[in-house]
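Engineer: Provided herewith is a single structure, encoded as structure tokens, for subsequent inquiry.
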Amino acid sequence: MRVTRQYLIELSDNFLDNKIDKLAIQDFAWKAISEDDFEWDEDDIISETIFEWDNEEINFEINKTNIRLCKNRLLTG
């Protein structure tokens, strides 16, 4: 699966609209990092976002405020 900024924005929107919970975000991030089926271009913002979502304990809590900030970074760079 090719991961794009648009895909991460859609995940963010689903979280913000209460269609998925933070566990879905964390599961996606873990799979994106650990499985060979996921790939993305050399886009630091995609990499940083996935890493942050996978490591809530050492990064930011997954909540609506922080997901809005991630979404904004994905949109604006």
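Chain labels A, B, ... are given in the sequence in which chains occur in the structure tokens; within each chain residues are numbered consecutively from 1, and ligands are likewise numbered from 1 in the order shown.
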For region 23-27 of chain A, list every protein, DNA or RNA residue within 9 Å, evaluated using only C-alpha atoms, and leave out those in the same chain fewer than 2 positions away; present the list as a list in words.

Structural biologist: Leu11, Ser12, Phe15, Ile20, Asp21, Ala29, Trp30, Lys31, Ala32, Ile50, Trp53, Asp54, Asn55, Glu56 and Ile62 of chain A

Engineer: Just checking: using only C-alpha atoms, which residue out of A:Lys22, A:Glu52, A:Glu57, A:Met1 ends up closest to Leu69 (chain A)?

Structural biologist: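 The shortest atom-to-atom distance to Leu69 (chain A) comes from A:Glu52.
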
Engineer: What is the distance, in Å and to one decimal place, between CA of Leu8 (chain A) and CA of Ile46 (chain A)?

Structural biologist: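 Taking CA of Leu8 (chain A) and CA of Ile46 (chain A), their separation equals 7.8 Å.
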
Engineer: Please measure the separation of CA of Val3 (chain A) and CA of Arg68 (chain A), giving the value in Å to one decimal.

Structural biologist: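 CA of Arg68 (chain A) lies at a distance of 18.8 Å from CA of Val3 (chain A).
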
Engineer: Considering only helix (DSSP H, G or I) as DSSP defines it on the backbone, what residues of chain A qualify? List them as an mmCIF file with C-alpha atoms, in the first residue's frame.

Structural biologist:
data_model
loop_
_atom_site.group_PDB
_atom_site.id
_atom_site.type_symbol
_atom_site.label_atom_id
_atom_site.label_comp_id
_atom_site.auth_asym_id
_atom_site.auth_seq_id
_atom_site.Cartn_x
_atom_site.Cartn_y
_atom_site.Cartn_z
ATOM 1 C CA ARG A 5 -0.323 12.709 2.683
ATOM 2 C CA GLN A 6 -3.910 12.580 1.442
ATOM 3 C CA TYR A 7 -4.407 9.169 3.028
ATOM 4 C CA LEU A 8 -3.095 10.450 6.378
ATOM 5 C CA ILE A 9 -5.379 13.479 6.086
ATOM 6 C CA GLU A 10 -8.337 11.141 5.539
ATOM 7 C CA LEU A 11 -7.357 9.132 8.634
ATOM 8 C CA SER A 12 -7.144 12.387 10.565
ATOM 9 C CA ASP A 13 -10.583 13.437 9.340
ATOM 10 C CA ASN A 14 -12.047 10.068 10.317
ATOM 11 C CA PHE A 15 -10.600 10.449 13.806
ATOM 12 C CA LEU A 16 -11.833 14.027 14.124
ATOM 13 C CA LYS A 22 -6.954 6.395 18.567
ATOM 14 C CA LEU A 23 -6.330 2.656 18.564
ATOM 15 C CA ALA A 24 -7.056 2.597 14.811
ATOM 16 C CA ILE A 25 -4.516 5.406 14.309
ATOM 17 C CA GLN A 26 -1.909 3.567 16.379
ATOM 18 C CA ASP A 27 -2.578 0.237 14.635
ATOM 19 C CA PHE A 28 -2.208 1.852 11.220
ATOM 20 C CA ALA A 29 1.071 3.506 12.236
ATOM 21 C CA TRP A 30 2.490 0.282 13.677
ATOM 22 C CA LYS A 31 1.603 -1.654 10.531
ATOM 23 C CA ALA A 32 3.002 1.071 8.278
ATOM 24 C CA ILE A 33 6.329 0.908 10.103
ATOM 25 C CA SER A 34 6.596 -2.822 10.645
ATOM 26 C CA ASP A 44 9.691 13.598 5.936
ATOM 27 C CA ILE A 45 6.254 14.808 6.974
ATOM 28 C CA ILE A 46 4.686 11.422 6.252
ATOM 29 C CA SER A 47 7.498 9.658 8.109
ATOM 30 C CA GLU A 48 7.291 11.997 11.106
ATOM 31 C CA THR A 49 3.513 11.714 11.310
ATOM 32 C CA ILE A 50 3.541 7.916 11.224
ATOM 33 C CA PHE A 51 6.338 7.783 13.806
ATOM 34 C CA GLU A 52 4.467 10.172 16.110
ATOM 35 C CA TRP A 53 1.240 8.174 15.822
ATOM 36 C CA ASP A 54 3.091 4.955 16.584
ATOM 37 C CA LYS A 64 -8.314 15.891 18.647
ATOM 38 C CA THR A 65 -6.036 18.880 19.188
ATOM 39 C CA ASN A 66 -2.877 17.042 18.191
ATOM 40 C CA ILE A 67 -4.506 15.304 15.241
ATOM 41 C CA ARG A 68 -5.709 18.711 13.990
ATOM 42 C CA LEU A 69 -2.115 19.941 14.232
ATOM 43 C CA CYS A 70 -0.852 16.874 12.349
ATOM 44 C CA LYS A 71 -3.475 17.389 9.687
ATOM 45 C CA ASN A 72 -2.461 21.039 9.310
ATOM 46 C CA ARG A 73 1.199 20.027 8.937
ATOM 47 C CA LEU A 74 0.211 17.464 6.297
ATOM 48 C CA LEU A 75 -1.748 20.127 4.417
ATOM 49 C CA THR A 76 0.767 22.954 4.637
#
